[in-house]
Structure formats: structure tokens, C-alpha cells
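> Structure below; questions to follow.
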Amino acid sequence: MKASFAAIAVVAQVASAHYSFDTVVGNGRSYQYVRDLTRPTKYNPIKYSTNPTADIRDNSFVDKGTDIVCNQGAFSAAGKTEVLEVKAGDKVTLKVAVGAKMEHPGPSLVYMSKAPSSVKTYDGSGEWFKIFEDAVCSTSGDFTKGAWCSYGKDSIGATIPKDTPDGEYLFRVEHIGVHRSHVNQPEHYVGCAQIKVTGGGSGTPGPTVKFPGAYKSTDDYANFSIYNGFKAFKIPGPAVWTGGSSGGGAAVADEETTPAPAAPSASAPAASAPAASAPAASAAPPAAAPAAPSQAPDAGCAALYGQCGGKNFKGAVCCSAGACKAFNPYYSQCL
């Protein structure tokens with residue numbers, strides 16, 4: 001019976017296109033070096049507290065509480081999580097659990113935070129610096145899917161800068177799904193490994209941020225639309241530190257900023273709905289979006305582009321605009 005439940009969980013995670021991180025690639029077993037989570041559904045996203053209640057998962061928030069640090073309940077596993085020794089200049093990569101892949105458009109980011117002493121007793125409340133980021137890799141690709149560097153990948157990794165001071169650190173990977181940022185609902189997926197850096201240097205990592213606090217619901221990434229073709233995307237958080245003294249400035253913009261050919265002015269087509277939920281075969285979008293119904297909107301129904309159904313979904317199953325379209329057993333959306 002336990003095996004059956006495990007199999008169901010795997011199928012649910014892959015079908016939902018949600019994900020969690022559990023393993024350091026090339027090193028150890030699941031949750032050996034990565035902090036385990038206590039949330040009921042490990043692969044659920046972290047969202048802003050201002051999002052509709054029906055869209056919040058496990059009371060997990062970007063802007064309050066500690067879930068955005070290393071995910072829900074991760075600190076409770078710190079003492080039993082092993083510490084991986086790595087050399088400055090080595091690459092550390094965290095893998096998505098249960099063979100799933102990141103099938104949401106959005107940026108990948110890697111941060112580090114030095115523990116005051118043992119990382120096994122560190123809650124991540126200190127300063128964090130960024131050592132890696134990516135976002136758009138193709139200005140001509142499908143901007144709802146494969147144009148994003150991490151789309152369809154199963155891991156996120158980064159090289160530890162050679163100037164990183166020796167010591168124990170939290171190594172935090174994050175993927176942000178921006179498929180619903182047009183309605184101010186980005187989805188954050190986070191995991192932390194415990195590492196010990198050796199053979200490092202005397203650099204001063206920075207600029208630094210704290211979690212929560214690094215992101216705001218008013219940031220560009222949280223109000224960005226992937227629909228109607230390529231647009232320049234500003235990656236949230238501080239500038240990437242690659243060594244030496246602290247860098248300056250705020251968030252950096254993705255380098256892929258060349259305008260694409262003009263896109264249709266119609267609203268988001270059905271095939272350009274969140275890539276995580278759309279069938280893999282539906283690569284070509286239709287010419288126009290479905291027309292909204294002529295009757296007056298129902299105040300109790302989901303808004304346009306909002307979730308309106310799916311297994312275990314407890315929100316509204318009707319649409320105030322558009323029609324409720326099912327993409328798989330776990331996700332339906334108003335389009």
C-alpha cells in the first residue's frame with residue numbers, strides 16, 4: 001500500500017508540473033545533503049500572501065514567514081541533514097525529485113548564506129548573496145515554454161566562486177514559475193543543501209539580501225506576462241557575485257533584450273496557458289483566444305487566467321470571464 005501511495009505521489013508531481021529538489025547530483029541519496037520538508041505536498045509552490053486564498057498552497061508565503069528561505073519546515077531537518085564538503089571552484093547541482101522536470105517558464109537562481117558556526121544549527125536568517133541566475137535563452141523560441149533556459153530541465157546548479165571564504169553554508173536553489181505573473185501570482189520552488197566550502201579565498205560576497213524581503217509582489221517579475229511574444233525580463237534579486245569585493249546595484253536584467261517581431265494583439269491564447277499544464281504536443285497556438293461569455297461576470301468565480309478546477313482543487317470551479325479549460329486531471333484554467 002505504501003508503494004501505491006508513493007507511485008500516486010510521483011504521478012501527481014509530474015502531472016502537475018510542480019516540483020521540489022531533493023538530491024545533490026553525483027552525491028548521495030534523496031535528502032542526504034538537501035534539507036527535507038514538512039509540508040503535506042512537497043512539490044507545492046510558495047506564493048504571495050496577497051494571492052487569492054484558493055490559490056495558496058499549504059499556507060506557504062513568499063513575503064512572510066520562513067518558507068521562502070529553504071521551503072516549509074526545512075530547518076526542522078537541519079540537524080539530521082549531512083554536510084557536503086566542496087572546494088571553491090567546484091560546481092554544485094540540485095536535482096528535481098522523482099524524475100520530474102521544470103515545465104514552467106521562468107528564471108533559475110542560486111544563492112548562498114554563510115552559517116555563523118555549524119550549518120546544522122543555522123536557520124538561514126542571515127545575509128544571502130547570489131552566485132547564479134538565468135532566464136531567457138532564446139528570443140525567437142516559444143516564450144511560454146522553451147525560450148526559457150531552464151524549461152524542461154531537471155536540475156539547477158552553480159559554480160562556487162573561487163574567492164568564497166571557507167566555512168559552512170546554505171546553498172539555495174530556486175526556480176520561479178512566471179506563467180501566472182500576469183495576474184500577480186508567480187510560483188516559487190526552493191530547496192537548500194548544506195555544504196562546507198574549503199580551499200576558498202578572501203572575497204567579500206555581495207550585494208546581499210534577506211529572506212523574506214528579497215522579493216516584493218510589486219516587482220517586475222511578479223507582474224510579467226509571458227503571452228504575446230518575447231519581452232525583456234528583469235531577474236529579481238541582487239546582482240550575481242562572481243568573486244572579489246561586493247558588487248553594487250540591485251536586480252540585473254536578462255541579457256536577451258532584442259525585440260522580437262510584433263506579436264498579435266489578441267489576449268493570451270489557450271495553447272499559451274501555463275506551459276506546466278499544457279499537453280506536450282500542443283506547441284502551436286491557435287490564432288486567437290476564446291471569446292469571453294456575454295453574460296455578466298459572477299463575482300464568486302475565478303478571474304480570467306485563474307485556476308478553475310483540478311483534482312484536490314478547493315477553489316471556484318466557474319469563470320467570471322472566458323471558459324474553464326482542463327489541461328490535465330490536476331489543472332484547469334479560465335481562458
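Residue names in the C-alpha cells use chain letters A, B, ... in the order shown, residue numbers from 1 in each chain, and ligand numbers from 1 in the order shown.
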Please tabulate, as CSV, the residues of region 178-213 of chain A that come within 10 Å of region 78-93 of chain A, each with its closest pair of atoms and the distance in Å to one decimal, counting only C-alpha atoms and ordering rows by chain, then residue number upward.

residue,atom,partner,partner_atom,distance
A:Cys192,CA,A:Ala78,CA,9.9
A:Ala193,CA,A:Val83,CA,7.9
A:Gln194,CA,A:Val83,CA,5.0
A:Ile195,CA,A:Leu84,CA,4.6
A:Lys196,CA,A:Glu85,CA,4.6
A:Val197,CA,A:Val86,CA,5.2
A:Thr198,CA,A:Lys87,CA,4.8
A:Gly199,CA,A:Lys87,CA,5.6
A:Gly200,CA,A:Ala88,CA,5.0
A:Gly201,CA,A:Ala88,CA,8.0
> Of the candidates A:Ala222, A:Ile131, A:Ile68, A:Leu94, which one gets nearest to Gly26 (chain A) if we count only C-alpha atoms?
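Nearest candidate to Gly26 (chain A) out of A:Ala222, A:Ile131, A:Ile68, A:Leu94: A:Leu94.
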> Between CA of Val62 (chain A) and CA of Tyr189 (chain A), what distance in Å does the model show, to one decimal?
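One can read the CA of Val62 (chain A) to CA of Tyr189 (chain A) distance as 10.3 Å.
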> Rank nothing, just name the residue among A:Ala147, A:Ala214, A:Cys308, A:Ala74 nearest to Ala239 (chain A), using only C-alpha atoms.
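Closest to Ala239 (chain A) of all the choices is A:Ala214.
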> When DSSP is applied to the backbone of this structure, which of region 19-230 of chain A are assigned strand (DSSP E)? Write them out as a ChimeraX atom specification.
/A:21-24,84-87,91-96,108-114,128-134,155-159,167-177,187-198,208-209
> Sort by chain and increasing residue number a table of all residues of region 65-173 of chain A within 9 Å of region 227-235 of chain A, each with its closest pair of atoms and their distance in Å to one decimal, counting only C-alpha atoms, and write it as a tab-separated table.

residue	atom	partner	partner_atom	distance
A:Pro107	CA	A:Ile235	CA	6.9
A:Leu109	CA	A:Ile235	CA	8.9
A:Glu133	CA	A:Ile235	CA	7.8
A:Asp134	CA	A:Ile235	CA	8.0
A:Ala135	CA	A:Ile235	CA	7.2
A:Val136	CA	A:Phe233	CA	7.7
A:Ser138	CA	A:Phe230	CA	8.9
A:Thr139	CA	A:Phe230	CA	6.0
A:Ser140	CA	A:Phe230	CA	7.4
A:Gly141	CA	A:Phe230	CA	8.4
A:Asp142	CA	A:Gly229	CA	7.7
A:Phe143	CA	A:Phe230	CA	5.8
A:Thr144	CA	A:Tyr227	CA	6.8
A:Ala147	CA	A:Phe230	CA	8.6
> Selection from above, N, CA and C atoms, as a compact mmCIF listing (two decimals), in the first residue's frame, can you write it?

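As a result, result_32.txt now contains:
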# COMPACT_ATOMS: atom_id res chain seq x y z
N PRO A 107 12.78 32.13 -14.37
CA PRO A 107 14.20 32.15 -14.10
C PRO A 107 14.63 31.11 -13.07
N LEU A 109 17.72 30.58 -10.07
CA LEU A 109 18.63 31.39 -9.27
C LEU A 109 19.30 30.49 -8.22
N GLU A 133 22.29 32.98 -12.04
CA GLU A 133 20.92 33.24 -12.49
C GLU A 133 20.85 32.97 -13.99
N ASP A 134 19.69 32.54 -14.45
CA ASP A 134 19.42 32.51 -15.87
C ASP A 134 17.94 32.77 -16.07
N ALA A 135 17.58 33.10 -17.30
CA ALA A 135 16.17 33.38 -17.59
C ALA A 135 15.88 32.98 -19.04
N VAL A 136 15.96 33.93 -19.96
CA VAL A 136 15.62 33.67 -21.36
C VAL A 136 16.88 33.33 -22.15
N SER A 138 16.45 32.19 -25.56
CA SER A 138 16.12 32.35 -26.98
C SER A 138 15.04 33.41 -27.14
N THR A 139 15.32 34.43 -27.93
CA THR A 139 14.32 35.46 -28.17
C THR A 139 13.32 35.05 -29.26
N SER A 140 13.66 33.98 -29.98
CA SER A 140 12.78 33.55 -31.06
C SER A 140 11.99 32.29 -30.73
N GLY A 141 12.28 31.67 -29.59
CA GLY A 141 11.59 30.45 -29.20
C GLY A 141 10.21 30.73 -28.63
N ASP A 142 9.51 29.66 -28.27
CA ASP A 142 8.19 29.78 -27.66
C ASP A 142 8.34 30.42 -26.28
N PHE A 143 7.86 31.64 -26.14
CA PHE A 143 8.08 32.39 -24.90
C PHE A 143 7.25 31.85 -23.73
N THR A 144 6.36 30.94 -24.01
CA THR A 144 5.60 30.31 -22.92
C THR A 144 6.26 29.00 -22.49
N ALA A 147 11.71 28.95 -24.75
CA ALA A 147 12.59 30.11 -24.82
C ALA A 147 13.34 30.33 -23.50
> Would you please give, as an MDAnalysis selection string, all residues of region 3-161 of chain A that DSSP assigns to helix (DSSP H, G or I) based on the backbone?
chainID A and resid 3:16 53:55 67:70 74:80 97:99 119:121
